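Chemist: Shown below is the structure under consideration.
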Amino acid sequence: MIIKKNVVIVGATGAIGKAFVEYYSKDESVDNVFAFSRKKISSENRKIISFDLDIENQASIEDAAENIKDHPIDTIIVATGILHSENFGPEKSVREINYSTMAKVMAVNTIGPALIGRYFIPLLRKDTKSVLAFLSARVGSISDNKLGGWYSYRASKTALNQIIKNFSIELKRTNPKAVVLGLQPGTVDSNLSEPFKKNVAKGKLFSPEQSRDLLLDVIEKTTIENSGNLIAYDGEIISP
Ligand SMILES: NC(=O)c1ccc[n+]([C@@H]2O[C@H](COP(=O)([O-])OP(=O)(O)OC[C@H]3O[C@@H](n4cnc5c(N)ncnc54)[C@H](OP(=O)(O)O)[C@@H]3O)[C@@H](O)[C@H]2O)c1
């Protein structure tokens, strides 16, 4: 008997999250696509099951996982994230460091994903390879930091990368076939990248679907040896 897969996408309304929902909802090997977002999505595709999730609210994350606790999960993709809002943009100088901005960015990019780990890791299937992948960013690499700036976003992704590494170490004991990854999607056309698009060299801006297809290849090829790493869309392992 062929067992079909269950997939979770957190941040299903974002550009990259939505592209993953679309792909998996057409994948014949997938039974359910559990799509989590602040605002529920509606779809005629019966595979897509939408739930509320506010990544800044621990109870919401716990309730979200509770909804699907009877389904062993093959792949979880966490595609939430924040870089700017109507109230703030990424800091260009120390003069712009601000408590509320940094707290917000850390809440969405670091603490929320850590809590996703807490409540969703127990749902990962154990009999075969499963993947928990977080959209992170190259700018979270300390060794790669040549330009400075973007204090909150950089630090939030650096901390996320550390949490991913920690998850991988704990999972070696509790679920040895599970792989945890940070993913660098390239520069992708989305609300998050909108203010910075003009700085991107021609041909270097991916559509969400292009990035997704490259990341799907990374997820497919990845093995337990890569667990805990930050991997780029082209397979490059990015140094911490
Ligand atoms: N785009 C790029 O060039 C790029 C480059 C490197 C890394 N990344 C990373 O890739 C990920 C996805 O980014 P994207 O480009 O797809 O951006 P996006 O289109 O702006 O999507 C961001 C997602 O995060 C969700 N979100 C924000 N706050 C939330 C909250 N409190 N609770 C639940 N969801 C929340 C948004 O939900 P709403 O729809 O409700 O607002 C949206 O679904 C992020 O982690 C980002 O850091 C992107």
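Chain labels follow the order of the structure tokens: the first chain is A, the next B, and so on; residue numbering restarts at 1 in every chain, and ligands are counted from 1 in their shown order.
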Stretch 36-46 of chain A: which residues within 12 Å, counting only C-alpha atoms, same-chain residues fewer than 5 positions away excluded, as an MDAnalysis selection string?

Modeler: chainID A and resid 7:14 17:18 21:27 30:31 51:57 60:61 63:65 67:68 76:81 116

Chemist: Applying 8 Å and only C-alpha atoms, which residues near A:Ile164 remain after dropping the ones on its own chain fewer than 6 positions away? List them as an MDAnalysis selection string.

Modeler: chainID A and resid 180:182 228:229

Chemist: Between A:Ala103, A:Leu205, A:Val33, A:Ile49, which one has atoms that come closest to ligand 1, using only C-alpha atoms and all ligand atoms?

Modeler: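 Result for the nearest residue to ligand 1: A:Leu205.
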
Chemist: Nearest to ligand 1 among A:Glu209, A:Glu96, A:Asp144, A:Glu28, with distances taken over only C-alpha atoms and all ligand atoms: which residue is it?

Modeler: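 Comparing A:Glu209, A:Glu96, A:Asp144, A:Glu28 against ligand 1, the winner is A:Glu209.
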
Chemist: Of the residues A:Ile2, A:Val218, A:Ile97, A:Ile231, which is the one nearest to A:Gly149, using only C-alpha atoms?

Modeler: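 With only C-alpha atoms as the atom set, the closest residue is A:Ile97.
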
Chemist: Can you pull out the residues contacting A:Tyr153? Cut-off 12 Å, using only C-alpha atoms, and skip same-chain residues under 6 positions away; I want them as an NGL selection string.

Modeler: :A and (81-84 or 88-92 or 97 or 101-110 or 136-141 or 159-160 or 192)

Chemist: Could you pull out the alpha helix (DSSP H) residues of stretch 22-200 of chain A, going by DSSP on the backbone, and write them as a PyMOL selection string?

Modeler: chain A and resi 22-26+58-67+99-106+112-120+151-174

Chemist: Go ahead and write the selection's residues with C-alpha atoms as a PDB file, in the first residue's frame.

Modeler:
ATOM      1  CA  GLU A  22       0.215  25.395  -4.870  1.00  0.00           C
ATOM      2  CA  TYR A  23       2.908  22.845  -5.651  1.00  0.00           C
ATOM      3  CA  TYR A  24       1.992  20.315  -2.986  1.00  0.00           C
ATOM      4  CA  SER A  25      -1.743  20.630  -3.665  1.00  0.00           C
ATOM      5  CA  LYS A  26      -1.050  19.293  -7.185  1.00  0.00           C
ATOM      6  CA  GLN A  58       2.170  30.815  21.626  1.00  0.00           C
ATOM      7  CA  ALA A  59      -1.388  29.594  22.326  1.00  0.00           C
ATOM      8  CA  SER A  60      -2.253  30.008  18.651  1.00  0.00           C
ATOM      9  CA  ILE A  61       0.744  27.869  17.633  1.00  0.00           C
ATOM     10  CA  GLU A  62      -0.158  25.183  20.193  1.00  0.00           C
ATOM     11  CA  ASP A  63      -3.792  25.125  19.001  1.00  0.00           C
ATOM     12  CA  ALA A  64      -2.638  24.973  15.377  1.00  0.00           C
ATOM     13  CA  ALA A  65      -0.605  21.823  16.013  1.00  0.00           C
ATOM     14  CA  GLU A  66      -3.442  20.283  18.033  1.00  0.00           C
ATOM     15  CA  ASN A  67      -5.698  20.475  14.930  1.00  0.00           C
ATOM     16  CA  TYR A  99      13.275  48.291  21.161  1.00  0.00           C
ATOM     17  CA  SER A 100       9.851  47.772  19.611  1.00  0.00           C
ATOM     18  CA  THR A 101      11.213  47.096  16.105  1.00  0.00           C
ATOM     19  CA  MET A 102      13.750  44.584  17.338  1.00  0.00           C
ATOM     20  CA  ALA A 103      11.212  42.860  19.614  1.00  0.00           C
ATOM     21  CA  LYS A 104       8.732  42.545  16.733  1.00  0.00           C
ATOM     22  CA  VAL A 105      11.299  41.164  14.274  1.00  0.00           C
ATOM     23  CA  MET A 106      12.614  38.686  16.852  1.00  0.00           C
ATOM     24  CA  GLY A 112       7.675  32.053  16.595  1.00  0.00           C
ATOM     25  CA  PRO A 113       9.701  29.529  14.567  1.00  0.00           C
ATOM     26  CA  ALA A 114      11.211  28.164  17.815  1.00  0.00           C
ATOM     27  CA  LEU A 115       7.682  27.581  19.119  1.00  0.00           C
ATOM     28  CA  ILE A 116       6.719  25.946  15.827  1.00  0.00           C
ATOM     29  CA  GLY A 117       9.518  23.502  16.615  1.00  0.00           C
ATOM     30  CA  ARG A 118       8.168  22.914  20.100  1.00  0.00           C
ATOM     31  CA  TYR A 119       4.632  22.050  18.979  1.00  0.00           C
ATOM     32  CA  PHE A 120       5.159  20.627  15.472  1.00  0.00           C
ATOM     33  CA  TYR A 151      20.489  44.790  12.792  1.00  0.00           C
ATOM     34  CA  SER A 152      17.157  43.249  13.768  1.00  0.00           C
ATOM     35  CA  TYR A 153      16.625  41.095  10.670  1.00  0.00           C
ATOM     36  CA  ARG A 154      20.208  39.817  10.574  1.00  0.00           C
ATOM     37  CA  ALA A 155      20.234  39.008  14.293  1.00  0.00           C
ATOM     38  CA  SER A 156      16.810  37.350  14.138  1.00  0.00           C
ATOM     39  CA  LYS A 157      17.955  35.027  11.347  1.00  0.00           C
ATOM     40  CA  THR A 158      21.314  34.325  13.058  1.00  0.00           C
ATOM     41  CA  ALA A 159      19.377  33.269  16.150  1.00  0.00           C
ATOM     42  CA  LEU A 160      16.983  31.238  14.007  1.00  0.00           C
ATOM     43  CA  ASN A 161      19.960  29.419  12.463  1.00  0.00           C
ATOM     44  CA  GLN A 162      21.202  28.563  15.976  1.00  0.00           C
ATOM     45  CA  ILE A 163      17.757  27.217  16.908  1.00  0.00           C
ATOM     46  CA  ILE A 164      17.716  25.109  13.727  1.00  0.00           C
ATOM     47  CA  LYS A 165      21.102  23.652  14.727  1.00  0.00           C
ATOM     48  CA  ASN A 166      19.780  22.903  18.218  1.00  0.00           C
ATOM     49  CA  PHE A 167      16.675  21.197  16.799  1.00  0.00           C
ATOM     50  CA  SER A 168      18.907  18.997  14.636  1.00  0.00           C
ATOM     51  CA  ILE A 169      20.949  17.900  17.660  1.00  0.00           C
ATOM     52  CA  GLU A 170      17.891  17.066  19.743  1.00  0.00           C
ATOM     53  CA  LEU A 171      16.197  15.276  16.843  1.00  0.00           C
ATOM     54  CA  LYS A 172      19.181  12.968  16.397  1.00  0.00           C
ATOM     55  CA  ARG A 173      18.066  11.431  19.698  1.00  0.00           C
ATOM     56  CA  THR A 174      14.290  11.702  19.421  1.00  0.00           C
TER      57      THR A 174
END

Chemist: Just want the 7 Å neighbourhood of A:Leu123, counted on only C-alpha atoms, with same-chain residues fewer than 2 positions away dropped. Output as a list in words.

Modeler: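 The residues that qualify are Lys69, Pro72, Ile73, Phe120, Ile121 and Arg125 of chain A.
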
Chemist: I need the residues from that last selection saved to file as a PDB file, in the first residue's frame (with N, CA and C atoms), if you can.

Modeler:
ATOM      1  N   LYS A  69      -2.979  16.766  14.994  1.00  0.00           N
ATOM      2  CA  LYS A  69      -2.127  15.849  15.771  1.00  0.00           C
ATOM      3  C   LYS A  69      -2.284  14.374  15.384  1.00  0.00           C
ATOM      4  N   PRO A  72       0.593  11.915  10.883  1.00  0.00           N
ATOM      5  CA  PRO A  72       2.059  11.990  10.855  1.00  0.00           C
ATOM      6  C   PRO A  72       2.495  12.882   9.688  1.00  0.00           C
ATOM      7  N   ILE A  73       3.399  13.821   9.963  1.00  0.00           N
ATOM      8  CA  ILE A  73       3.748  14.829   8.948  1.00  0.00           C
ATOM      9  C   ILE A  73       5.095  14.496   8.292  1.00  0.00           C
ATOM     10  N   PHE A 120       5.313  21.409  16.707  1.00  0.00           N
ATOM     11  CA  PHE A 120       5.159  20.627  15.472  1.00  0.00           C
ATOM     12  C   PHE A 120       6.179  19.491  15.343  1.00  0.00           C
ATOM     13  N   ILE A 121       7.344  19.615  15.992  1.00  0.00           N
ATOM     14  CA  ILE A 121       8.328  18.524  15.886  1.00  0.00           C
ATOM     15  C   ILE A 121       7.728  17.184  16.335  1.00  0.00           C
ATOM     16  N   ARG A 125       6.744  12.416  11.187  1.00  0.00           N
ATOM     17  CA  ARG A 125       6.723  10.952  11.163  1.00  0.00           C
ATOM     18  C   ARG A 125       8.111  10.416  11.506  1.00  0.00           C
TER      19      ARG A 125
END

Chemist: DSSP on the backbone: what in stretch 5-154 of chain A comes out strand (DSSP E), as a list in words?

Modeler: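 Reading the DSSP output for stretch 5-154 of chain A, strand (DSSP E) covers Lys5, Asn6, Val7, Val8, Ile9, Val10, Val30, Asp31, Asn32, Val33, Phe34, Ala35, Phe36, Ser37, Ile48, Ile49, Ser50, Phe51, Asp52, Thr75, Ile76, Ile77, Val78, Ser130, Val131, Leu132, Ala133, Phe134 and Leu135 of chain A.
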
Chemist: Would you please work out which residue, of A:Ala35, A:Ile142, A:Ala19, A:Val188, is nearest to ligand 1 when using only C-alpha atoms and all ligand atoms?

Modeler: A:Val188

Chemist: From the set A:Trp150, A:Phe134, A:Ile238, A:Thr223, which residue has the shortest atom-to-atom contact distance to ligand 1, counting only C-alpha atoms and all ligand atoms?

Modeler: A:Phe134

Chemist: When distances are computed from only C-alpha atoms, which of A:Val94, A:Ala178, A:Ile16, A:Leu132 shows the smallest separation from A:Glu225?

Modeler: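 Counting only C-alpha atoms, the residue closest to A:Glu225 is A:Ala178.
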